[in-house]
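Dumped run-v2.cif below, it's mmCIF, C-alpha atoms and all ligand atoms:
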```
data_my_file
#
loop_
_atom_site.label_atom_id
_atom_site.label_comp_id
_atom_site.auth_asym_id
_atom_site.auth_seq_id
_atom_site.Cartn_x
_atom_site.Cartn_y
_atom_site.Cartn_z
CA MET K 1 31.16 40.47 20.84
CA ASP K 2 32.98 40.98 17.57
CA ASN K 3 34.99 43.42 15.53
CA ILE K 4 32.10 45.75 14.70
CA ASN K 5 30.49 45.70 18.14
CA ILE K 6 33.67 46.60 19.93
CA GLN K 7 34.27 49.55 17.59
CA GLN K 8 30.77 50.80 18.25
CA THR K 9 31.13 50.39 22.00
CA PHE K 10 34.40 52.30 21.89
CA SER K 11 32.79 55.16 19.95
CA THR K 12 29.86 55.28 22.37
CA VAL K 13 32.02 55.26 25.49
CA LEU K 14 34.74 57.64 24.29
CA GLY K 15 33.08 59.70 21.59
CA GLN K 16 35.87 59.01 19.10
CA LYS K 17 37.02 56.26 16.77
CA PRO K 18 39.54 53.65 17.93
CA GLU K 19 42.96 53.55 16.31
CA ILE K 20 43.29 49.81 16.55
CA ILE K 21 41.17 46.67 16.91
CA VAL K 22 42.81 43.57 18.34
CA ARG K 23 41.49 40.06 18.73
CA ALA K 24 43.08 37.91 21.47
CA PRO K 25 41.77 34.34 21.45
CA GLY K 26 41.13 31.78 24.18
CA ARG K 27 42.78 28.39 23.90
CA ILE K 28 42.30 24.65 24.14
CA ASN K 29 44.94 22.06 24.92
CA LEU K 30 44.62 18.97 22.76
CA ILE K 31 46.87 16.83 24.92
CA GLY K 32 49.73 17.26 27.40
CA GLU K 33 48.22 18.01 30.79
CA HIS K 34 50.33 18.70 33.91
CA THR K 35 53.42 18.29 31.76
CA ASP K 36 54.44 21.97 31.66
CA TYR K 37 55.98 22.09 35.14
CA ASN K 38 57.75 18.81 34.41
CA ALA K 39 59.62 20.30 31.44
CA GLY K 40 57.47 18.27 29.04
CA TYR K 41 55.38 19.12 26.01
CA VAL K 42 51.94 20.68 25.67
CA LEU K 43 49.88 20.83 22.48
CA PRO K 44 47.52 23.82 22.63
CA GLY K 45 45.78 25.89 19.98
CA ALA K 46 43.99 29.25 19.82
CA ILE K 47 40.23 29.11 19.28
CA ASP K 48 37.42 31.09 17.71
CA LYS K 49 36.39 32.54 21.04
CA ALA K 50 38.22 35.70 21.92
CA ILE K 51 38.52 39.00 23.71
CA TRP K 52 38.12 41.95 21.33
CA PHE K 53 39.88 45.20 22.08
CA ALA K 54 39.39 48.67 20.63
CA ALA K 55 42.03 51.18 21.70
CA SER K 56 43.64 54.53 21.08
CA LYS K 57 46.67 56.39 22.38
CA ARG K 58 46.25 59.35 24.71
CA THR K 59 48.32 62.51 24.83
CA ASP K 60 48.62 62.23 28.63
CA GLN K 61 49.74 59.29 30.80
CA ALA K 62 46.24 58.22 31.88
CA LEU K 63 44.99 54.63 31.68
CA HIS K 64 41.31 54.35 30.77
CA PHE K 65 39.84 50.84 30.62
CA TYR K 66 36.24 49.84 29.96
CA ALA K 67 35.08 46.23 30.41
CA ALA K 68 32.05 46.15 28.12
CA ASP K 69 30.69 42.83 29.40
CA LEU K 70 30.66 44.11 32.98
CA GLU K 71 29.81 47.70 32.00
CA GLU K 72 32.56 48.83 34.35
CA SER K 73 35.29 51.35 33.83
CA PHE K 74 38.63 51.84 35.50
CA THR K 75 40.76 54.97 35.35
CA SER K 76 44.23 55.84 36.54
CA GLU K 77 44.57 59.53 35.71
CA ASN K 78 48.31 59.78 36.29
CA GLY K 79 49.11 56.33 34.90
CA GLU K 80 49.93 54.96 38.34
CA VAL K 81 49.58 51.19 38.59
CA ILE K 82 48.14 49.92 41.88
CA PHE K 83 46.62 46.50 42.64
CA GLN K 84 42.81 46.69 42.61
CA ARG K 85 40.82 44.86 45.29
CA GLU K 86 37.40 45.72 43.89
CA LYS K 87 37.68 45.80 40.11
CA THR K 88 39.95 42.79 40.00
CA TRP K 89 39.65 42.50 36.21
CA ALA K 90 41.75 45.66 35.88
CA ASN K 91 44.71 43.84 37.47
CA TYR K 92 45.18 41.74 34.35
CA LEU K 93 45.75 44.92 32.32
CA LEU K 94 47.67 46.79 35.02
CA GLY K 95 49.88 43.77 35.69
CA VAL K 96 51.39 43.64 32.24
CA ILE K 97 51.97 47.40 32.23
CA SER K 98 53.68 47.11 35.60
CA GLU K 99 55.93 44.28 34.37
CA ALA K 100 56.73 46.12 31.13
CA ARG K 101 57.82 49.17 33.13
CA LYS K 102 60.18 47.00 35.18
CA ASP K 103 61.93 46.26 31.89
CA GLY K 104 62.17 49.96 31.08
CA ILE K 105 59.30 49.77 28.57
CA GLN K 106 57.16 52.88 28.96
CA PRO K 107 54.04 53.02 26.81
CA GLY K 108 52.09 56.27 27.20
CA GLY K 109 48.45 56.73 28.12
CA ILE K 110 45.77 54.56 26.58
CA ASN K 111 42.03 54.14 26.12
CA VAL K 112 41.03 50.47 25.98
CA VAL K 113 37.54 49.06 25.54
CA PHE K 114 37.20 45.27 25.54
CA GLY K 115 34.56 42.58 25.42
CA SER K 116 34.65 38.84 25.09
CA ASP K 117 32.85 35.73 23.94
CA ILE K 118 35.14 33.37 25.85
CA PRO K 119 32.86 31.55 28.27
CA LEU K 120 33.70 32.34 31.89
CA GLY K 121 34.93 29.67 34.24
CA ALA K 122 35.32 27.10 31.47
CA GLY K 123 39.12 27.03 31.60
CA LEU K 124 39.66 28.60 28.18
CA SER K 125 42.14 31.16 29.49
CA SER K 126 40.35 34.45 29.24
CA SER K 127 42.94 35.89 31.62
CA ALA K 128 45.81 35.08 29.28
CA ALA K 129 43.89 36.62 26.37
CA LEU K 130 43.34 39.76 28.40
CA GLU K 131 46.98 40.11 29.38
CA SER K 132 48.56 39.30 26.07
CA GLY K 133 45.91 41.23 24.13
CA VAL K 134 46.56 44.47 25.95
CA LEU K 135 50.33 44.09 25.62
CA PHE K 136 49.92 43.35 21.95
CA LEU K 137 47.94 46.52 21.31
CA LEU K 138 50.33 48.66 23.37
CA ASN K 139 53.18 47.20 21.34
CA GLU K 140 51.41 48.15 18.11
CA LEU K 141 50.28 51.62 19.15
CA TYR K 142 53.54 52.66 20.80
CA GLN K 143 55.93 50.66 18.61
CA LEU K 144 57.53 49.05 21.65
CA GLY K 145 59.49 46.57 19.57
CA LEU K 146 58.35 43.51 21.51
CA SER K 147 58.40 40.15 19.74
CA ARG K 148 55.47 37.78 20.14
CA MET K 149 57.56 35.69 22.53
CA ASP K 150 58.39 38.83 24.56
CA ILE K 151 54.65 39.44 24.85
CA VAL K 152 54.05 35.86 25.99
CA LYS K 153 56.69 36.10 28.70
CA LEU K 154 55.61 39.53 29.93
CA ALA K 155 51.98 38.40 30.06
CA GLN K 156 52.94 35.42 32.19
CA ARG K 157 54.93 37.68 34.52
CA GLY K 158 51.91 39.95 34.85
CA GLU K 159 49.77 37.03 35.96
CA ASN K 160 52.46 35.53 38.23
CA GLU K 161 53.76 38.69 39.85
CA PHE K 162 50.92 41.20 39.80
CA VAL K 163 47.72 39.14 39.74
CA GLY K 164 49.41 36.56 41.94
CA MET K 165 48.50 33.38 40.02
CA LYS K 166 51.38 30.96 39.61
CA CYS K 167 50.31 29.70 36.20
CA GLY K 168 52.56 28.25 33.52
CA ILE K 169 53.34 29.85 30.18
CA MET K 170 51.08 27.70 27.98
CA ASP K 171 47.96 29.85 28.13
CA MET K 172 49.63 33.05 26.98
CA PHE K 173 51.73 31.17 24.49
CA ALA K 174 48.70 29.55 22.85
CA SER K 175 46.72 32.77 22.71
CA VAL K 176 49.55 34.72 21.09
CA MET K 177 51.14 32.05 18.90
CA GLY K 178 48.11 30.10 17.62
CA ARG K 179 47.75 29.35 13.92
CA GLU K 180 44.60 28.61 11.92
CA ASN K 181 43.87 24.86 11.68
CA HIS K 182 47.00 24.02 13.64
CA VAL K 183 47.99 23.13 17.15
CA VAL K 184 51.39 24.06 18.43
CA ARG K 185 53.68 21.80 20.39
CA LEU K 186 55.53 23.79 23.00
CA ASP K 187 58.57 22.26 24.60
CA CYS K 188 58.35 23.64 28.12
CA ARG K 189 62.03 22.81 28.73
CA ASN K 190 63.35 25.40 26.29
CA LEU K 191 60.26 27.12 24.82
CA GLN K 192 60.95 25.78 21.33
CA TYR K 193 57.80 25.15 19.36
CA ASP K 194 56.48 23.47 16.23
CA TYR K 195 53.15 23.65 14.45
CA PHE K 196 51.16 20.55 13.58
CA PRO K 197 48.21 20.54 11.23
CA PHE K 198 44.82 19.83 12.70
CA ASP K 199 43.39 19.38 9.32
CA ALA K 200 40.50 16.99 9.18
CA PRO K 201 37.37 18.34 7.50
CA ASP K 202 35.32 15.45 8.88
CA VAL K 203 36.14 15.83 12.60
CA SER K 204 35.37 18.59 15.07
CA LEU K 205 36.52 19.59 18.50
CA VAL K 206 33.66 20.01 20.94
CA LEU K 207 34.02 21.21 24.51
CA CYS K 208 31.55 20.08 27.17
CA ASP K 209 31.52 22.42 30.15
CA SER K 210 30.86 20.48 33.33
CA GLY K 211 29.90 23.76 34.98
CA VAL K 212 31.62 22.69 38.19
CA LYS K 213 34.76 23.95 39.84
CA HIS K 214 35.62 21.99 42.96
CA ALA K 215 37.49 23.85 45.67
CA LEU K 216 40.39 21.38 45.53
CA VAL K 217 42.00 22.97 42.46
CA ASP K 218 44.75 25.07 44.04
CA SER K 219 45.73 22.84 46.96
CA GLU K 220 45.79 19.68 44.86
CA TYR K 221 47.78 21.44 42.14
CA ASN K 222 50.45 22.32 44.67
CA THR K 223 50.40 18.79 46.09
CA ARG K 224 50.92 17.31 42.61
CA ARG K 225 53.86 19.57 42.01
CA THR K 226 55.42 18.51 45.31
CA GLU K 227 54.81 14.83 44.54
CA CYS K 228 56.48 15.20 41.14
CA GLU K 229 59.43 16.95 42.78
CA GLU K 230 59.77 14.15 45.30
CA GLY K 231 59.78 11.53 42.55
CA LEU K 232 62.30 13.55 40.61
CA ARG K 233 64.66 13.84 43.59
CA ILE K 234 64.70 10.07 44.11
CA LEU K 235 65.18 9.30 40.42
CA GLN K 236 67.94 11.90 40.16
CA SER K 237 69.81 10.15 42.98
CA LEU K 238 69.93 7.08 40.71
CA ASP K 239 71.02 8.93 37.56
CA ASP K 240 72.37 12.42 37.82
CA SER K 241 71.79 13.17 34.14
CA ILE K 242 68.06 13.44 34.93
CA GLN K 243 67.02 17.07 35.22
CA SER K 244 63.25 16.72 35.13
CA LEU K 245 60.63 13.98 34.67
CA ARG K 246 61.03 14.75 30.96
CA ASP K 247 64.34 12.86 31.09
CA VAL K 248 62.83 9.75 32.65
CA THR K 249 61.92 6.88 30.33
CA PRO K 250 59.04 4.51 31.14
CA GLU K 251 61.61 1.69 31.36
CA PHE K 252 63.78 3.54 33.87
CA LEU K 253 60.73 4.35 35.96
CA SER K 254 59.46 0.78 36.08
CA ARG K 255 62.95 -0.55 36.84
CA HIS K 256 63.13 1.68 39.91
CA ALA K 257 59.46 1.62 40.82
CA ALA K 258 60.08 0.08 44.25
CA ARG K 259 62.07 3.15 45.32
CA LEU K 260 59.05 5.42 45.10
CA SER K 261 56.04 5.48 47.36
CA PRO K 262 52.94 4.11 45.60
CA ILE K 263 51.40 7.58 45.24
CA VAL K 264 54.57 9.22 43.91
CA LEU K 265 55.01 6.32 41.50
CA GLN K 266 51.48 6.85 40.19
CA ARG K 267 52.11 10.57 39.66
CA CYS K 268 55.42 9.99 37.90
CA THR K 269 53.95 7.23 35.75
CA TYR K 270 51.25 9.57 34.52
CA VAL K 271 53.69 12.38 33.70
CA VAL K 272 56.21 10.16 31.94
CA GLU K 273 53.45 8.52 29.88
CA GLU K 274 51.77 11.82 29.10
CA ILE K 275 54.95 13.35 27.72
CA ARG K 276 55.27 10.36 25.38
CA ARG K 277 51.62 10.68 24.40
CA VAL K 278 52.13 14.25 23.19
CA GLU K 279 54.88 13.03 20.88
CA GLN K 280 52.64 10.23 19.64
CA ALA K 281 49.78 12.69 19.12
CA CYS K 282 52.01 14.89 16.94
CA GLU K 283 52.98 11.84 14.92
CA ALA K 284 49.29 11.00 14.49
CA LEU K 285 48.50 14.57 13.39
CA MET K 286 51.24 14.47 10.76
CA HIS K 287 49.45 11.48 9.24
CA ASN K 288 46.04 12.98 9.82
CA ASP K 289 45.30 9.91 11.92
CA MET K 290 42.43 11.12 14.08
CA THR K 291 41.63 7.63 15.33
CA SER K 292 45.02 7.28 16.99
CA LEU K 293 44.80 10.83 18.33
CA GLY K 294 41.43 10.02 19.89
CA LYS K 295 42.79 6.89 21.58
CA LEU K 296 45.59 8.93 23.09
CA MET K 297 43.06 11.43 24.46
CA TYR K 298 41.13 8.62 26.16
CA GLU K 299 44.41 7.32 27.62
CA THR K 300 45.21 10.77 28.97
CA HIS K 301 41.86 10.87 30.70
CA GLU K 302 42.44 7.49 32.30
CA GLY K 303 45.84 8.64 33.49
CA LEU K 304 44.43 11.84 34.96
CA GLN K 305 41.56 9.95 36.55
CA HIS K 306 43.40 7.00 38.09
CA ASN K 307 47.10 7.84 38.36
CA TYR K 308 47.23 11.60 38.66
CA GLN K 309 43.82 11.74 40.38
CA VAL K 310 42.79 15.24 39.37
CA SER K 311 39.50 14.43 37.65
CA CYS K 312 36.08 14.56 39.31
CA PRO K 313 32.85 12.56 39.01
CA GLU K 314 31.25 15.06 36.62
CA MET K 315 34.12 14.97 34.12
CA ASP K 316 34.48 11.20 34.41
CA PHE K 317 30.79 10.93 33.66
CA LEU K 318 31.12 13.17 30.58
CA VAL K 319 34.01 11.13 29.22
CA GLU K 320 32.19 7.83 29.86
CA GLU K 321 29.06 9.16 28.19
CA ALA K 322 31.09 10.32 25.18
CA ARG K 323 32.74 6.91 24.96
CA LYS K 324 29.32 5.30 24.34
CA ASN K 325 29.01 7.22 21.07
CA PRO K 326 30.80 5.52 18.16
CA ALA K 327 31.19 8.89 16.41
CA VAL K 328 33.42 10.11 19.24
CA LEU K 329 37.08 9.32 18.55
CA GLY K 330 38.43 10.58 21.84
CA ALA K 331 37.56 12.55 24.96
CA ARG K 332 39.33 13.74 28.07
CA MET K 333 39.16 16.27 30.83
CA MET K 334 41.05 19.44 29.91
CA GLY K 335 42.97 21.75 32.22
CA GLY K 336 44.25 21.44 35.76
CA GLY K 337 41.34 19.32 36.94
CA PHE K 338 38.45 19.16 39.42
CA GLY K 339 36.09 20.84 36.97
CA GLY K 340 36.01 22.81 33.73
CA CYS K 341 35.56 21.31 30.28
CA THR K 342 36.09 18.01 28.60
CA ILE K 343 37.49 18.13 25.07
CA ASN K 344 35.96 15.74 22.56
CA LEU K 345 37.05 14.67 19.09
CA VAL K 346 33.81 14.02 17.22
CA LYS K 347 32.95 13.11 13.62
CA LYS K 348 31.55 16.28 12.14
CA GLU K 349 28.25 14.95 10.87
CA ALA K 350 27.54 13.49 14.31
CA VAL K 351 28.13 16.69 16.30
CA PRO K 352 24.45 17.72 16.72
CA GLY K 353 23.52 14.21 17.88
CA PHE K 354 26.50 14.12 20.22
CA ILE K 355 25.53 17.44 21.81
CA ALA K 356 21.93 16.31 22.29
CA GLN K 357 23.07 13.03 23.84
CA MET K 358 25.47 14.74 26.24
CA GLN K 359 22.96 17.37 27.31
CA ALA K 360 20.23 14.82 27.97
CA ALA K 361 22.57 12.57 29.95
CA TYR K 362 23.98 15.43 32.04
CA LEU K 363 20.54 16.76 32.83
CA GLU K 364 19.34 13.37 33.95
CA LYS K 365 22.41 12.61 36.04
CA TYR K 366 23.12 16.01 37.62
CA GLN K 367 20.03 18.12 36.84
CA LEU K 368 22.41 20.55 35.16
CA ASN K 369 22.21 22.16 31.72
CA LEU K 370 25.39 21.20 29.96
CA LYS K 371 26.94 23.96 27.88
CA THR K 372 28.76 22.77 24.80
CA TYR K 373 31.13 24.66 22.52
CA PRO K 374 32.25 23.43 19.13
CA VAL K 375 35.57 25.19 18.48
CA GLN K 376 37.78 25.93 15.48
CA LEU K 377 41.52 26.49 15.70
CA THR K 378 42.45 30.04 14.72
CA ASN K 379 45.33 32.44 14.47
CA GLY K 380 46.75 33.90 17.65
CA THR K 381 46.50 37.54 18.72
CA GLU K 382 46.00 39.75 15.68
CA VAL K 383 45.22 43.28 14.57
CA LEU K 384 41.97 43.46 12.65
CA ASN K 385 42.06 46.90 11.08
CA GLY K 386 44.76 46.87 8.52
CA ARG K 387 47.98 47.22 10.50
CA ARG K 388 49.80 43.90 10.78
P1 LIG K 401 40.39 31.70 32.78
O1 LIG K 401 40.55 30.20 32.81
O2 LIG K 401 39.25 32.10 31.91
O3 LIG K 401 41.68 32.37 32.43
P2 LIG K 401 40.84 33.08 35.23
O4 LIG K 401 40.22 32.95 36.58
O5 LIG K 401 42.30 32.85 35.11
O6 LIG K 401 40.00 32.12 34.26
O7 LIG K 401 40.56 34.52 34.67
C1 LIG K 401 39.25 35.04 34.66
C2 LIG K 401 39.27 36.50 35.08
O8 LIG K 401 39.73 37.32 33.98
C3 LIG K 401 37.92 37.05 35.43
O9 LIG K 401 37.61 36.82 36.78
C4 LIG K 401 38.08 38.54 35.14
O10 LIG K 401 38.74 39.20 36.19
C5 LIG K 401 39.02 38.53 33.94
N1 LIG K 401 38.21 38.54 32.71
C6 LIG K 401 38.13 37.57 31.78
N2 LIG K 401 37.27 37.92 30.79
C7 LIG K 401 36.80 39.14 31.11
C8 LIG K 401 35.87 40.05 30.50
N3 LIG K 401 35.27 39.74 29.35
N4 LIG K 401 35.61 41.21 31.11
C9 LIG K 401 36.22 41.53 32.28
N5 LIG K 401 37.09 40.73 32.90
C10 LIG K 401 37.39 39.54 32.34
MG MG K 402 43.50 32.13 33.57
#
```
Show me this structure written as structure tokens.
Ligand code: ADP
Ligand code: MG
Amino acid sequence: MDNINIQQTFSTVLGQKPEIIVRAPGRINLIGEHTDYNAGYVLPGAIDKAIWFAASKRTDQALHFYAADLEESFTSENGEVIFQREKTWANYLLGVISEARKDGIQPGGINVVFGSDIPLGAGLSSSAALESGVLFLLNELYQLGLSRMDIVKLAQRGENEFVGMKCGIMDMFASVMGRENHVVRLDCRNLQYDYFPFDAPDVSLVLCDSGVKHALVDSEYNTRRTECEEGLRILQSLDDSIQSLRDVTPEFLSRHAARLSPIVLQRCTYVVEEIRRVEQACEALMHNDMTSLGKLMYETHEGLQHNYQVSCPEMDFLVEEARKNPAVLGARMMGGGFGGCTINLVKKEAVPGFIAQMQAAYLEKYQLNLKTYPVQLTNGTEVLNGRR
């Protein structure tokens, strides 16, 4: 899918030209995993895989959506927004409209055609791109006056409240706020953010898609959150200035280690270390020090594997295999865990060899064809036909 294709699809489906073309990218997270709900930092970026939208206003209140990849349409003739059990993809668009209305924001009717080249099930946040992309185009077409941060927050509410997924804000934030050749450090405590250059012509980011999604994801995610909360409660009882694990230093944690159960100590250790690692990674990026960045990524993986225990054999295998290659500076599992992609920092000239190595190894070990995606960091959600 691209700019031209989506325009053509729109014209074919609706027999008219679109008023606006919007690109809403997927995202990676360089480092900072499971830190968002501990008021820590994350370091995501938007990527050159995106959902493309073509849209036009309507004179009535109707909502007409067409998912080009699925060749499915959804229509609400009177603009009513009701949760869909069959065409569940429509909920991502309906959800943000529903949340906007709660705030008294009333865009009129709309025709939206969209298609994507974000791989499915790889953990690159196609849902966030869908939500923020549709809000973005409504904002443009109907001059709703929403800021980019308003769009981020409304998109998250759509996913939390309407779709029913209790995700953090990072995915929407990265999709909307990305900047070419930069990652953005989001402080999840106060939503302040800073851009850091990812500016190394000789290194590339390559994703390796394990192709697995173990059923543990949701239950273990909730368990980790509870374990972090338990650790926090105990540490707070020792120092009431602590509001989240963000406020806990490694020294404080090790001094009071005996107060925590071994498991809770492991979880807290990972989180406290990971928050520090994001800061160190930003420092490394400011000096264009990709070697240090890569080491931090390997450390994150070890923490996720052994202390936080959200990895899985397939992703551990991919990281170990990557480690054998001297042209790989760093590798780690990305996302919540138990499947999805690893993210690899690879010397550019070695990328084809790296991909061949990883595919051969994965095939031999798991009889699975490994999908790999080299990615570039791009701008966030944007209009492509001359508006803003
Ligand atoms: P992700 O990590 O990609 O965000 P999610 O499970 O959160 O995974 O969201 C994926 C869902 O988003 C899909 O099941 C589908 O409902 C919707 N979606 C994403 N991309 C598309 C698309 N190109 N066409 C239709 N629906 C899509
Ligand atoms: Mg999602």
Taking a cut-off of 9 Å and counting all atoms listed in the file, can you build a table that, for each residue of chain K near ligand LIG 401 (chain K), reports the nearest atom pair and how far apart they are in Å (one decimal), sorted by chain then residue number, as a Markdown table?
```
| residue | atom | partner | partner_atom | distance |
| --- | --- | --- | --- | --- |
| K:Gly26 | CA | K:LIG401 | O2 | 8.0 |
| K:Ala50 | CA | K:LIG401 | N3 | 9.0 |
| K:Ile51 | CA | K:LIG401 | N3 | 6.6 |
| K:Trp52 | CA | K:LIG401 | N3 | 8.8 |
| K:Tyr66 | CA | K:LIG401 | C9 | 8.6 |
| K:Ala67 | CA | K:LIG401 | N4 | 5.1 |
| K:Ala68 | CA | K:LIG401 | N4 | 6.8 |
| K:Asp69 | CA | K:LIG401 | N4 | 5.5 |
| K:Leu70 | CA | K:LIG401 | N4 | 6.0 |
| K:Glu71 | CA | K:LIG401 | N4 | 8.7 |
| K:Glu72 | CA | K:LIG401 | C9 | 8.4 |
| K:Lys87 | CA | K:LIG401 | O10 | 7.7 |
| K:Thr88 | CA | K:LIG401 | O10 | 5.4 |
| K:Trp89 | CA | K:LIG401 | O10 | 3.4 |
| K:Ala90 | CA | K:LIG401 | O10 | 7.1 |
| K:Asn91 | CA | K:LIG401 | O10 | 7.7 |
| K:Tyr92 | CA | K:LIG401 | C5 | 7.0 |
| K:Phe114 | CA | K:LIG401 | N3 | 7.0 |
| K:Gly115 | CA | K:LIG401 | N3 | 4.9 |
| K:Ser116 | CA | K:LIG401 | N3 | 4.4 |
| K:Asp117 | CA | K:LIG401 | N3 | 7.2 |
| K:Ile118 | CA | K:LIG401 | N2 | 7.0 |
| K:Pro119 | CA | K:LIG401 | O2 | 7.4 |
| K:Leu120 | CA | K:LIG401 | O2 | 5.6 |
| K:Gly121 | CA | K:LIG401 | O2 | 5.5 |
| K:Ala122 | CA | K:LIG401 | O1 | 6.2 |
| K:Gly123 | CA | K:LIG401 | O1 | 3.7 |
| K:Leu124 | CA | K:LIG401 | O1 | 5.0 |
| K:Ser125 | CA | K:LIG401 | O3 | 3.2 |
| K:Ser126 | CA | K:LIG401 | O2 | 3.7 |
| K:Ser127 | CA | K:LIG401 | O3 | 3.8 |
| K:Ala128 | CA | K:LIG401 | O3 | 5.9 |
| K:Ala129 | CA | K:LIG401 | O3 | 7.7 |
| K:Leu130 | CA | K:LIG401 | C6 | 6.6 |
| K:Glu159 | CA | K:LIG401 | O5 | 8.6 |
| K:Met165 | CA | K:LIG401 | O5 | 7.9 |
| K:Cys167 | CA | K:LIG401 | O5 | 8.7 |
| K:Asp171 | CA | K:LIG401 | O3 | 8.0 |
| K:Gly335 | CA | K:LIG401 | O1 | 8.8 |
| K:Gly340 | CA | K:LIG401 | O1 | 8.7 |
```
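Among the candidates K:Ser11, K:Gln305, K:Asn379, K:Gln357, the one nearest to Arg323 of chain K when counting only C-alpha atoms is K:Gln357.
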Legend entry - 12 Å contact set for Arg255 of chain K, all atoms listed in the file, chain neighbours under 5 positions out, as a PyMOL selection string: chain K and resi 235+238+248-250+260+265+269
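Shortest separation to ligand MG 402 (chain K) among K:Ala100, K:Leu205, K:Ile169, K:Leu216 occurs at residue K:Ile169, atoms counted being only C-alpha atoms and all ligand atoms.
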Inset, instruction - List the neighbours of segment 291-303 of chain K out to 7 Å using only C-alpha atoms; skip same-chain residues closer than 2 positions along the sequence, and give me the result as a PyMOL selection string. - result: chain K and resi 31+270+274+277+281+284+289+305-308+329-333+345
Legend entry - Long-range neighbours of Thr223 of chain K as a ChimeraX atom specification, 12 Å cut-off, all atoms listed in the file, 2 positions minimum in chain: /K:216-221,225-230,263-264,267,308-310
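Distances to ligand MG 402 (chain K) were evaluated for K:Tyr142, K:Gly336, K:Leu154, K:Pro326 using only C-alpha atoms and all ligand atoms, and the minimum falls at K:Gly336.
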Legend entry - Distance query Asn78 of chain K at most 10 Å, all atoms listed in the file, self and fewer than 6 positions along chain excluded, as a ChimeraX atom specification: /K:60-63,109
Using the selection just defined, write its residues with C-alpha atoms as a JSON list (two decimals), in the coordinates of the input.
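Final output, saved to part-v9.json:
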```
[["chain", "number", "residue", "atom", "x", "y", "z"],
["K", 60, "ASP", "CA", 48.62, 62.23, 28.63],
["K", 61, "GLN", "CA", 49.74, 59.29, 30.80],
["K", 62, "ALA", "CA", 46.24, 58.22, 31.88],
["K", 63, "LEU", "CA", 44.99, 54.63, 31.68],
["K", 109, "GLY", "CA", 48.45, 56.73, 28.12]]
```
Non-local contacts of Glu279 of chain K (8 Å; all atoms listed in the file; under 4 positions in same chain excluded) as a short mmCIF file (atom, residue, chain, number, x, y, z; two decimals) with C-alpha atoms, in the frame of the given file:
```cif
data_model
loop_
_atom_site.label_atom_id
_atom_site.label_comp_id
_atom_site.auth_asym_id
_atom_site.auth_seq_id
_atom_site.Cartn_x
_atom_site.Cartn_y
_atom_site.Cartn_z
CA TYR K 41 55.38 19.12 26.01
CA ILE K 275 54.95 13.35 27.72
CA GLU K 283 52.98 11.84 14.92
#
```
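Minimum atom-to-atom distance to ligand MG 402 (chain K), evaluated using only C-alpha atoms and all ligand atoms, belongs to K:Val163 out of K:Ile242, K:Ala46, K:Ile82, K:Val163.
Residue nearest ligand MG 402 (chain K), chosen from K:Ser56, K:Asn190, K:Ser175, K:Thr12 and counting only C-alpha atoms and all ligand atoms: K:Ser175.
Closest to Ser210 of chain K among K:Glu131, K:Asp239, K:Glu382, K:Asp316 is K:Asp316, based on only C-alpha atoms.
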Inset, instruction - Please work out which residues fall within 10 Å of (30.4, 10.0, 29.0), coordinates as given in the file, with all atoms listed in the file counting, and return them as JSON, numbers by chain. - result: {"K": [314, 315, 316, 317, 318, 319, 320, 321, 322, 323, 324, 325, 331, 332, 342, 357, 358, 361, 362]}
Determine, counting only C-alpha atoms, every residue of protein, DNA or RNA that lies within 12 Å of (39.8, 17.0, 5.0) in the file coordinates, then give the result as an mmCIF file with C-alpha atoms, in the coordinates of the input.
```cif
data_model
loop_
_atom_site.group_PDB
_atom_site.id
_atom_site.type_symbol
_atom_site.label_atom_id
_atom_site.label_comp_id
_atom_site.auth_asym_id
_atom_site.auth_seq_id
_atom_site.Cartn_x
_atom_site.Cartn_y
_atom_site.Cartn_z
ATOM 1 C CA ASN K 181 43.870 24.860 11.680
ATOM 2 C CA PRO K 197 48.210 20.540 11.230
ATOM 3 C CA PHE K 198 44.820 19.830 12.700
ATOM 4 C CA ASP K 199 43.390 19.380 9.320
ATOM 5 C CA ALA K 200 40.500 16.990 9.180
ATOM 6 C CA PRO K 201 37.370 18.340 7.500
ATOM 7 C CA ASP K 202 35.320 15.450 8.880
ATOM 8 C CA VAL K 203 36.140 15.830 12.600
ATOM 9 C CA SER K 204 35.370 18.590 15.070
ATOM 10 C CA HIS K 287 49.450 11.480 9.240
ATOM 11 C CA ASN K 288 46.040 12.980 9.820
ATOM 12 C CA ASP K 289 45.300 9.910 11.920
ATOM 13 C CA MET K 290 42.430 11.120 14.080
ATOM 14 C CA LYS K 347 32.950 13.110 13.620
ATOM 15 C CA LYS K 348 31.550 16.280 12.140
#
```
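For the atom pair formed by atom CA of Arg27 of chain K and atom CA of Ile47 of chain K, the distance is 5.3 Å, given to one decimal.
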